[in-house]
Every structure is written in structure tokens, then in C-alpha cells.
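This is input.txt. It holds compact mmCIF, C-alpha atoms.
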```
# COMPACT_ATOMS: atom_id res chain seq x y z
CA MET A 618 3.00 -21.65 -21.69
CA ILE A 619 3.59 -18.23 -20.12
CA GLU A 620 4.46 -15.65 -22.78
CA ASP A 621 4.74 -12.39 -20.79
CA PHE A 622 5.00 -11.01 -17.28
CA ASP A 623 1.70 -10.46 -15.47
CA VAL A 624 1.78 -8.55 -12.19
CA THR A 625 -1.87 -9.49 -11.52
CA SER A 626 -1.01 -13.22 -11.43
CA ASP A 627 0.29 -15.08 -8.39
CA TRP A 628 3.10 -16.75 -10.36
CA HIS A 629 4.66 -13.36 -11.21
CA VAL A 630 6.14 -13.12 -7.71
CA ALA A 631 5.81 -16.68 -6.38
CA ALA A 632 7.22 -18.83 -9.19
CA PRO A 633 8.49 -16.99 -12.29
CA TYR A 634 11.58 -19.14 -12.74
CA ASP A 635 10.63 -21.43 -15.64
CA PHE A 636 9.58 -18.32 -17.59
CA LEU A 637 12.76 -16.44 -16.67
CA ARG A 638 14.92 -19.44 -17.60
CA ARG A 639 13.37 -19.47 -21.11
CA LEU A 640 14.01 -15.74 -21.44
CA ARG A 641 17.67 -16.07 -20.42
CA ALA A 642 18.14 -18.84 -22.98
CA GLY A 643 16.20 -17.44 -25.91
CA SER A 644 15.22 -13.79 -25.27
CA PRO A 645 17.79 -12.26 -22.90
CA VAL A 646 16.48 -8.84 -23.91
CA PHE A 647 12.71 -9.33 -23.75
CA LYS A 648 10.16 -6.73 -24.79
CA SER A 649 7.32 -7.04 -22.28
CA GLU A 650 4.02 -5.61 -23.50
CA HIS A 651 2.54 -6.06 -20.03
CA LEU A 652 5.25 -4.06 -18.25
CA GLY A 653 5.77 -1.64 -21.10
CA ALA A 654 9.49 -2.27 -20.74
CA TYR A 655 12.45 -4.17 -22.12
CA VAL A 656 13.66 -6.76 -19.58
CA LEU A 657 17.31 -7.77 -19.11
CA THR A 658 17.47 -11.27 -17.64
CA ARG A 659 21.11 -12.44 -17.68
CA HIS A 660 23.40 -11.77 -14.71
CA ALA A 661 26.18 -10.28 -16.85
CA ASP A 662 23.78 -7.90 -18.63
CA VAL A 663 22.00 -6.79 -15.45
CA ARG A 664 25.33 -6.14 -13.73
CA ALA A 665 26.72 -4.28 -16.74
CA ALA A 666 23.58 -2.11 -16.95
CA TYR A 667 23.86 -1.17 -13.25
CA GLY A 668 27.48 -0.25 -13.92
CA ASP A 669 26.69 1.94 -16.94
CA PRO A 670 24.51 4.88 -15.77
CA ALA A 671 25.44 6.85 -18.90
CA SER A 672 23.47 4.31 -20.98
CA PHE A 673 20.94 3.05 -18.44
CA SER A 674 19.74 6.19 -16.68
CA SER A 675 18.16 6.22 -13.23
CA GLU A 676 16.57 9.62 -13.82
CA GLY A 677 12.91 9.16 -12.89
CA SER A 678 13.20 5.37 -12.89
CA LEU A 679 11.54 4.80 -9.50
CA THR A 680 8.56 6.98 -10.24
CA ILE A 681 6.53 4.11 -11.64
CA SER A 682 3.30 6.06 -11.77
CA ARG A 683 2.40 5.24 -15.37
CA SER A 684 -0.54 3.16 -14.14
CA LEU A 685 -2.06 6.10 -12.22
CA THR A 686 -5.29 7.59 -13.55
CA ARG A 687 -5.53 11.26 -14.55
CA GLU A 688 -7.71 11.89 -11.47
CA THR A 689 -5.08 10.37 -9.18
CA ARG A 690 -2.29 12.37 -10.83
CA GLU A 691 -4.31 15.57 -10.35
CA LYS A 692 -4.82 14.77 -6.66
CA LEU A 693 -1.08 14.16 -6.21
CA GLY A 694 -0.13 17.33 -8.08
CA GLU A 695 3.62 17.97 -7.84
CA HIS A 696 3.98 14.82 -5.74
CA GLY A 697 3.08 12.59 -8.69
CA SER A 698 6.80 12.63 -9.40
CA PHE A 699 7.61 11.59 -5.84
CA LEU A 700 11.11 10.14 -5.49
CA SER A 701 12.30 12.41 -8.30
CA SER A 702 15.25 13.46 -6.17
CA PHE A 703 15.87 10.24 -4.22
CA VAL A 704 19.45 8.97 -4.46
CA ALA A 705 18.49 5.79 -6.40
CA ASN A 706 16.42 7.83 -8.84
CA VAL A 707 19.01 10.27 -10.20
CA ASP A 708 22.24 10.21 -12.19
CA PRO A 709 25.58 11.92 -11.48
CA PRO A 710 26.33 14.66 -10.55
CA ASP A 711 23.18 14.83 -8.36
CA HIS A 712 23.67 11.19 -7.39
CA THR A 713 27.25 11.80 -6.27
CA ARG A 714 26.19 14.71 -4.06
CA LEU A 715 23.20 12.90 -2.52
CA ARG A 716 25.06 9.67 -1.86
CA ARG A 717 27.93 11.53 -0.19
CA SER A 718 25.46 13.16 2.19
CA VAL A 719 23.56 9.96 3.03
CA SER A 720 26.75 7.94 3.50
CA ARG A 721 27.62 10.05 6.56
CA ALA A 722 24.87 8.23 8.45
CA PHE A 723 25.89 4.73 7.28
CA THR A 724 29.53 4.56 8.35
CA PRO A 725 30.73 1.13 9.54
CA ARG A 726 30.86 2.46 13.11
CA ALA A 727 27.30 3.82 12.93
CA VAL A 728 25.95 0.55 11.50
CA ALA A 729 27.79 -1.57 14.09
CA ALA A 730 26.35 0.60 16.88
CA LEU A 731 22.84 -0.35 15.75
CA GLU A 732 23.45 -4.10 16.17
CA GLN A 733 22.93 -4.22 19.93
CA ARG A 734 19.85 -2.05 19.69
CA PHE A 735 18.37 -4.35 17.03
CA ARG A 736 19.28 -7.47 19.02
CA ARG A 737 17.50 -6.04 22.07
CA LEU A 738 14.38 -5.25 20.03
CA ASN A 739 14.23 -8.86 18.84
CA GLU A 740 14.77 -10.22 22.36
CA ASP A 741 12.05 -7.95 23.80
CA LEU A 742 9.57 -9.04 21.14
CA LEU A 743 10.28 -12.72 21.78
CA ASP A 744 9.90 -12.21 25.53
CA ARG A 745 6.29 -11.26 24.76
CA VAL A 746 5.47 -13.69 21.93
CA ALA A 747 7.48 -16.86 22.72
CA PRO A 748 5.21 -18.10 25.55
CA ARG A 749 2.27 -18.32 23.09
CA GLY A 750 3.82 -21.11 21.05
CA GLN A 751 2.50 -19.82 17.72
CA ALA A 752 2.29 -16.62 15.65
CA ASP A 753 1.92 -15.12 12.21
CA PHE A 754 5.58 -14.56 11.40
CA VAL A 755 4.85 -11.68 9.02
CA THR A 756 2.59 -9.57 11.22
CA GLU A 757 3.81 -10.55 14.70
CA LEU A 758 7.52 -11.43 14.47
CA GLY A 759 9.16 -10.24 11.27
CA HIS A 760 8.30 -6.56 11.07
CA GLU A 761 8.31 -4.96 14.52
CA PRO A 762 12.08 -4.97 15.33
CA SER A 763 13.00 -3.52 11.92
CA ILE A 764 10.25 -0.90 12.11
CA LYS A 765 11.37 0.18 15.59
CA LEU A 766 15.06 0.25 14.64
CA THR A 767 14.34 2.34 11.54
CA ALA A 768 12.13 4.69 13.53
CA ARG A 769 14.90 5.25 16.11
CA PHE A 770 17.47 5.73 13.34
CA ILE A 771 15.31 8.29 11.50
CA GLY A 772 14.03 9.97 14.67
CA VAL A 773 10.35 8.97 14.45
CA PRO A 774 8.77 9.06 17.94
CA GLU A 775 7.55 5.67 19.20
CA ALA A 776 3.97 6.97 19.33
CA ASP A 777 4.08 7.55 15.53
CA GLU A 778 5.42 4.13 14.49
CA ALA A 779 2.02 2.62 13.68
CA PHE A 780 1.03 5.68 11.62
CA VAL A 781 4.26 5.46 9.62
CA GLN A 782 3.90 1.71 9.02
CA VAL A 783 0.36 2.03 7.64
CA HIS A 784 1.21 4.97 5.40
CA VAL A 785 4.45 3.46 4.09
CA LYS A 786 2.48 0.38 3.04
CA ASP A 787 -0.03 2.63 1.29
CA TRP A 788 2.55 4.55 -0.71
CA PHE A 789 4.29 1.34 -1.75
CA GLN A 790 0.96 0.08 -3.10
CA LEU A 791 0.25 3.39 -4.86
CA PHE A 792 3.51 3.62 -6.78
CA LEU A 793 4.76 0.04 -7.04
CA SER A 794 1.67 -2.17 -7.21
CA PRO A 795 -1.25 -2.07 -9.69
CA GLN A 796 -4.44 -0.68 -8.12
CA PRO A 797 -8.01 0.03 -9.35
CA PRO A 798 -8.93 3.73 -9.82
CA GLU A 799 -10.98 4.16 -6.59
CA ARG A 800 -8.25 2.54 -4.50
CA GLN A 801 -5.63 4.79 -6.14
CA LEU A 802 -7.47 7.88 -4.87
CA GLU A 803 -7.63 6.48 -1.31
CA LEU A 804 -3.93 5.65 -1.38
CA ALA A 805 -3.08 9.07 -2.82
CA GLY A 806 -4.81 10.73 0.14
CA SER A 807 -2.88 8.54 2.56
CA PHE A 808 0.37 9.32 0.75
CA LEU A 809 -0.18 13.08 0.99
CA ASP A 810 -0.84 12.72 4.74
CA TYR A 811 2.43 10.79 5.03
CA LEU A 812 4.45 13.42 3.15
CA ASP A 813 2.95 16.09 5.39
CA TYR A 814 4.07 14.11 8.45
CA VAL A 815 7.67 13.75 7.20
CA ASP A 816 7.67 17.43 6.25
CA ARG A 817 6.69 18.38 9.82
CA LEU A 818 9.35 16.02 11.25
CA VAL A 819 12.03 17.77 9.18
CA ALA A 820 10.79 21.19 10.30
CA ALA A 821 10.83 20.09 13.96
CA ARG A 822 14.43 18.83 13.72
CA ALA A 823 15.51 22.05 11.98
CA LYS A 824 14.35 23.94 15.07
CA GLU A 825 15.54 21.39 17.62
CA PRO A 826 18.21 18.94 16.34
CA ARG A 827 18.66 15.53 17.98
CA ASP A 828 20.99 12.58 17.52
CA ASP A 829 19.17 11.04 14.55
CA PHE A 830 19.28 10.78 10.74
CA THR A 831 16.65 13.48 10.19
CA SER A 832 18.68 16.02 12.17
CA LEU A 833 21.88 15.04 10.34
CA MET A 834 20.26 15.53 6.93
CA THR A 835 18.30 18.63 7.94
CA ALA A 836 21.57 20.31 8.92
CA LEU A 837 22.68 19.96 5.29
CA ILE A 838 19.65 21.79 3.81
CA GLY A 839 20.83 24.81 1.86
CA ALA A 840 24.45 23.68 1.79
CA GLU A 841 24.28 20.21 0.19
CA LEU A 842 20.62 19.20 0.08
CA THR A 843 17.21 20.70 -0.61
CA HIS A 844 14.24 20.36 1.75
CA ARG A 845 12.48 18.08 -0.75
CA GLU A 846 15.54 15.84 -1.08
CA VAL A 847 15.64 15.37 2.69
CA VAL A 848 11.91 14.51 2.83
CA GLU A 849 12.36 11.94 0.05
CA LEU A 850 15.48 10.41 1.61
CA ILE A 851 13.67 9.92 4.91
CA SER A 852 10.57 8.53 3.19
CA THR A 853 12.49 5.91 1.23
CA ILE A 854 14.63 4.76 4.16
CA LEU A 855 11.41 4.32 6.13
CA LEU A 856 10.15 2.14 3.25
CA GLY A 857 13.25 -0.07 3.46
CA GLY A 858 12.94 -0.57 7.21
CA ASN A 859 9.17 -0.95 7.27
CA ASP A 860 8.83 -3.15 4.21
CA THR A 861 11.83 -4.42 2.24
CA VAL A 862 14.01 -5.73 5.09
CA PRO A 863 11.11 -7.41 6.96
CA ASN A 864 9.92 -8.94 3.67
CA GLN A 865 13.39 -10.41 3.12
CA LEU A 866 13.37 -11.86 6.64
CA GLY A 867 9.99 -13.51 6.03
CA ASN A 868 11.14 -14.96 2.69
CA THR A 869 14.33 -16.19 4.36
CA VAL A 870 12.63 -17.90 7.30
CA LEU A 871 10.16 -19.62 4.94
CA ARG A 872 13.04 -20.91 2.81
CA LEU A 873 15.09 -22.15 5.78
CA LEU A 874 12.12 -23.94 7.33
CA ARG A 875 11.18 -25.58 4.03
CA GLU A 876 14.78 -26.68 3.51
CA GLY A 877 14.97 -28.15 7.04
CA VAL A 878 17.99 -26.08 8.10
CA TRP A 879 16.59 -24.43 11.22
CA PRO A 880 18.24 -23.15 13.32
CA VAL A 881 21.14 -22.12 11.07
CA PRO A 882 24.57 -22.84 12.59
CA GLY A 883 26.29 -19.58 13.57
CA ALA A 884 29.21 -20.05 11.19
CA LEU A 885 26.79 -20.32 8.25
CA LEU A 886 24.44 -17.45 9.13
CA ALA A 887 26.05 -14.85 6.87
CA ASN A 888 26.24 -17.13 3.82
CA ALA A 889 22.75 -18.55 4.42
CA SER A 890 21.43 -14.98 4.40
CA GLU A 891 23.11 -14.29 1.05
CA GLU A 892 21.81 -17.53 -0.47
CA CYS A 893 18.27 -16.67 0.66
CA MET A 894 18.56 -13.20 -0.86
CA ARG A 895 19.78 -14.79 -4.09
CA ILE A 896 17.02 -17.37 -4.34
CA ASP A 897 14.11 -15.46 -2.71
CA GLY A 898 15.04 -11.79 -2.99
CA ALA A 899 12.65 -9.19 -1.56
CA SER A 900 13.58 -6.95 -4.50
CA LEU A 901 12.89 -8.32 -7.97
CA GLY A 902 14.75 -5.66 -9.92
CA SER A 903 15.13 -1.99 -10.80
CA PHE A 904 13.85 0.13 -13.66
CA ARG A 905 16.07 2.30 -15.87
CA TYR A 906 15.57 4.45 -18.96
CA ALA A 907 17.71 3.94 -22.06
CA ALA A 908 19.69 7.18 -22.38
CA ARG A 909 20.52 6.31 -26.00
CA LYS A 910 19.73 3.55 -28.50
CA ILE A 911 21.23 0.35 -27.09
CA ASP A 912 21.92 -2.74 -29.21
CA LEU A 913 22.15 -5.92 -27.14
CA HIS A 914 21.81 -9.58 -28.19
CA GLY A 915 20.33 -8.57 -31.54
CA VAL A 916 17.66 -6.33 -30.00
CA SER A 917 17.63 -2.54 -30.40
CA ILE A 918 16.35 -0.78 -27.29
CA PRO A 919 15.24 2.69 -28.42
CA ALA A 920 16.42 5.82 -26.60
CA GLY A 921 13.93 6.72 -23.87
CA ALA A 922 12.58 3.17 -23.49
CA LEU A 923 11.92 1.78 -20.02
CA VAL A 924 14.18 -1.15 -19.06
CA LEU A 925 13.75 -3.58 -16.15
CA LEU A 926 16.99 -4.97 -14.75
CA SER A 927 15.72 -8.31 -13.44
CA THR A 928 17.86 -9.10 -10.40
CA ASP A 929 15.48 -11.98 -9.70
CA SER A 930 16.44 -13.61 -12.99
CA ALA A 931 20.12 -12.69 -12.52
CA GLY A 932 20.15 -14.51 -9.18
CA HIS A 933 18.98 -17.68 -10.94
CA ASP A 934 21.37 -17.45 -13.88
CA GLU A 935 22.81 -20.95 -14.29
CA SER A 936 25.98 -19.60 -15.90
CA VAL A 937 26.87 -17.94 -12.56
CA PHE A 938 25.04 -20.09 -10.01
CA PRO A 939 25.11 -23.83 -10.90
CA ASP A 940 21.77 -25.57 -10.21
CA PRO A 941 20.27 -22.15 -9.38
CA ASP A 942 16.86 -23.31 -8.13
CA ARG A 943 18.49 -25.45 -5.43
CA PHE A 944 19.22 -23.91 -2.04
CA VAL A 945 22.90 -24.43 -1.16
CA ILE A 946 23.56 -23.05 2.32
CA ASP A 947 27.34 -22.83 1.76
CA ARG A 948 27.23 -21.79 -1.92
CA PRO A 949 30.65 -20.12 -2.35
CA ASN A 950 29.47 -17.24 -4.55
CA ALA A 951 26.00 -16.65 -3.07
CA ALA A 952 26.86 -13.00 -2.36
CA GLU A 953 27.24 -12.33 -6.11
CA HIS A 954 23.46 -11.81 -6.30
CA LEU A 955 22.45 -8.31 -7.36
CA VAL A 956 19.60 -7.66 -4.89
CA PHE A 957 21.40 -4.56 -3.60
CA GLY A 958 22.26 -3.35 -7.10
CA TYR A 959 25.80 -2.76 -8.30
CA GLY A 960 28.24 0.07 -8.99
CA ILE A 961 27.33 3.62 -8.02
CA HIS A 962 23.77 2.54 -7.19
CA PHE A 963 24.77 -0.24 -4.80
CA CYS A 964 22.27 0.14 -1.92
CA VAL A 965 23.63 2.59 0.67
CA GLY A 966 21.82 0.68 3.43
CA ALA A 967 23.07 -2.78 2.37
CA ALA A 968 25.38 -3.22 5.37
CA LEU A 969 22.55 -2.38 7.78
CA ALA A 970 20.10 -4.70 5.96
CA ARG A 971 22.60 -7.57 6.09
CA LEU A 972 23.28 -6.94 9.78
CA GLN A 973 19.54 -6.99 10.53
CA LEU A 974 19.01 -10.23 8.64
CA ARG A 975 21.90 -12.04 10.36
CA THR A 976 21.01 -10.73 13.81
CA ALA A 977 17.32 -11.62 13.53
CA LEU A 978 18.15 -15.15 12.34
CA GLU A 979 20.63 -15.63 15.18
CA VAL A 980 18.20 -14.47 17.89
CA LEU A 981 15.22 -16.34 16.43
CA GLY A 982 17.25 -19.53 16.02
CA ARG A 983 18.47 -19.39 19.61
CA ARG A 984 15.13 -18.46 21.16
CA LEU A 985 12.88 -20.60 18.91
CA PRO A 986 14.99 -23.62 17.91
CA ARG A 987 11.83 -25.72 17.31
CA LEU A 988 10.27 -23.16 14.95
CA ARG A 989 8.23 -24.84 12.18
CA LEU A 990 5.55 -24.04 9.63
CA VAL A 991 1.93 -24.69 10.58
CA PRO A 992 0.99 -27.58 8.27
CA GLY A 993 -1.62 -27.25 5.55
CA GLN A 994 -1.45 -23.48 5.06
CA ALA A 995 -1.54 -21.88 1.61
CA VAL A 996 1.49 -19.60 1.38
CA ALA A 997 0.73 -16.46 -0.64
CA TYR A 998 2.81 -13.47 -1.73
CA ARG A 999 1.68 -9.88 -2.18
CA ARG A 1000 1.22 -8.85 -5.79
CA SER A 1001 3.81 -6.32 -6.87
CA ILE A 1002 5.82 -5.09 -9.82
CA VAL A 1003 9.24 -5.22 -8.16
CA GLY A 1004 8.85 -6.62 -4.63
CA ARG A 1005 8.52 -10.09 -3.08
CA GLY A 1006 6.90 -10.34 0.32
CA LEU A 1007 4.57 -12.76 2.10
CA SER A 1008 1.12 -11.60 3.17
CA SER A 1009 1.20 -14.00 6.15
CA LEU A 1010 3.08 -17.05 7.43
CA ALA A 1011 1.71 -19.20 10.27
CA VAL A 1012 4.45 -20.69 12.46
CA GLU A 1013 4.56 -22.62 15.73
CA TRP A 1014 7.23 -23.88 18.14
```

Translate the structure of the given file into C-alpha cells.
Amino acid sequence: MIEDFDVTSDWHVAAPYDFLRRLRAGSPVFKSEHLGAYVLTRHADVRAAYGDPASFSSEGSLTISRSLTRETREKLGEHGSFLSSFVANVDPPDHTRLRRSVSRAFTPRAVAALEQRFRRLNEDLLDRVAPRGQADFVTELGHEPSIKLTARFIGVPEADEAFVQVHVKDWFQLFLSPQPPERQLELAGSFLDYLDYVDRLVAARAKEPRDDFTSLMTALIGAELTHREVVELISTILLGGNDTVPNQLGNTVLRLLREGVWPVPGALLANASEECMRIDGASLGSFRYAARKIDLHGVSIPAGALVLLSTDSAGHDESVFPDPDRFVIDRPNAAEHLVFGYGIHFCVGAALARLQLRTALEVLGRRLPRLRLVPGQAVAYRRSIVGRGLSSLAVEW
């Protein structure tokens, strides 16, 4: 019987649900020796923790570099605390100021304007790939439209998209996935190259502004934002578009094909997307630090302790979602999952992520109505502390 989390094991990402169910029932506040953190597993507790930043602090919570060796930390220097000023990694009042600035780029009108661009990117990709009759969904279908949309949004030139994709993947592995010492040093070098690139992009837009996110944020340097804050904002949004959103699309397509509900009827697209995020979320949770001693369900979490808010477990909480391991395409409360967080830290890009997911499913369903899994393949997920994404997925039509 599984007794603790283990990020080096396949089950940690692929099938943790029996373990999480036992924790919700008997140890809703679980002290994980492997993660070095207390884990909240019930929906009500995870939601309450997101909504209580005074007790569950975000300050430094994304900088999960505890597994880095001393040599790697020395190579990173000041950048070992990367993300220290990202909006999801700070508390008010810094959070309030940063979120206000970023929200200017994510107005409903701005997000809606991206829909046609994203639709066109999906159509163009399928024009090229559809005649082949088969593909790896992860590497050939799921990522490119989101990467290109994010690049246009940020202001990354098309010629630099491949560079950004490779380096974003490297920094995700460095900070959010366990790596051996030699690999850490390689990834640290890649990460420093990436930061240098974003730094140069910000400098270029300061001299010559354009109609993009980088120019919008760069214009606020000195008044509302620091140079470092702008570099970190850009870096993390590039992570979402290059990694998290495409991972969610891959998880979603796998689920829909396995459940035999492809293509999804238009009227059910939005709810099907929410149900897939609930049951197969690309984000498994968020870390926080206890700002004070917290007593919960008979457990005392000491001040300063690391706490994992398990949104993966919350999305399978039977007290909120009856029969939680069953996919219900029209589940009435599917959107009550906590994949995007809650409260002041609700993901600022959630509306754009939802739009991308719905639009991709609509275009794929219309263009590839006979899409199916290639039989006999072993489906595997990347190993990660807080992310769920497929390494490949062979499909045909």
C-alpha cells in the first residue's frame, strides 16, 4: 500500500487517486516526508487556504529549488530565487499591484480578440497534418497553436519560437521536476540563456514599443513595475502557453477518446472542458508557506512549514463531486474544480486558457471527427512535482 507521495514513480502523476482518497478520509492534513510538506487534500480546505493568504502565504512558494545542489545554486546566483516577484509568488500589497498591471492585458475584449487568431493557427496546422492520417498528438498537434498564440501575445518573433519552447521546457524541469546533479547544471545554463533572451526582448521593446504584452508591461517599468518583475511575468506566461495549456489539451483529448465522446457536441464543449480539467488537470496543486501555526483536523502545521494545496485531490473529492473518478460530460458543477486556484490568486490567464481549450476541441472535432488512439500504445506521463502532461500520444484518423 502506498504510504507517501513519490515524484520519481509513474503513479504519482498517472494514478494517485486511491492514495488521495485514503488521505481525504483519514489524513486530510498529511505530512509528506518525500515532499517535505504538509498536504491539504479536501476541496473545502484547499479552497479555504487559497482564500486565506494571511495564513497560507505565497511568498516564495513557486521557487521550488530545494532539490538543487549547492553547485547549481552557485551557477544560478541571484536567479536561484527566480519567480520571486511573479504575481502568483507574492502576497498583498505586491500582489495587488502586480495583478492590476497584468490584468490590463487580459481584459474580456483582449481575450476575445485572440480567439480568431487561435482558431486560424489550429486550422493552418491541420491543413498541413490532416492529410497524413496519423500523428503524435503531443508533439505535432497539441502544442504548436498555443505556442504561436502565446508568442504573438508576448511579442516573441516567429524565428525565436523554437528557442523559447526548448528553454521553457528546460526551466520547468529545473525548478519543478527532480533532476540529477549533472542534469541540473545543464538546465541551469539553459535557463540563464533564456533569462538573457527575455531581458533583451524587454530592452528592445523599451526602445521600440509594439502592440504586444511586453511593450505594455515595459511601459510600466519605473511607475508600477520593476525590470525584473516584467522579465518574470513574461517568462511565466510563456510557460503557461508553451507547457501548461498544451498539456491540458493533451490530457483532455486522451480522456475524451477513452470515454468514446469524440467529437464533443458543440453545446457540451465548455462543460466537457471543465470536467476534463477536474478529472485530469494539468496542474496538480500549488505550494504555500504557513505564515503562522495552523491547527487543522487535529494536526498542527508549524509556522514556516511548506504546504501543498492539492487541487488534484480537491477535484476528486467525493463530498463535492459524486462518483469523482467517473467522467460525466454534463456534470453540473464541473467548473468548481480548483485548477486555476481561487480568490486573489485565481489564474489571471484562466479566461484565455479556457478559450484555447474550447476552440482547439471545436476545430479538432470538426476537422478530425474520426480521431482515435493508436491501439496497443503505452501511455506515459512526464514526471513532475506539480504538473500533469503526456510525453507522447499516438493518434490516427

Residues within 6 Å of (9.0, 0.3, -22.8), file coords, only C-alpha atoms, listed as a ChimeraX atom specification: /A:653-655,922-923

Report as an MDAnalysis selection string all protein, DNA and RNA residues lying within 7 Å of A:Ser794, evaluated on all atoms listed in the file, omitting residues in the same chain fewer than 6 positions from it. chainID A and resid 1000:1002

d(atom CA of A:Leu955, atom CA of A:Leu866) in Å: 17.1 Å

Counting all atoms listed in the file, which residues of stretch 619-695 of chain A fall within 6 Å of stretch 902-912 of chain A, and what is the closest atom pair for each with its distance in Å at one decimal, ordered by chain and rising number, as CSV?
```
residue,atom,partner,partner_atom,distance
A:Ser672,CA,A:Ala908,CA,4.9
A:Phe673,CA,A:Ala907,CA,4.9
A:Ser674,CA,A:Tyr906,CA,5.1
A:Ser675,CA,A:Arg905,CA,5.2
A:Ser678,CA,A:Arg905,CA,5.2
```

Can you pull out every residue within 8 Å of A:Arg975, counting only C-alpha atoms, but drop anything in the same chain fewer than 5 positions away, and send it as a ChimeraX atom specification? /A:886-887,890
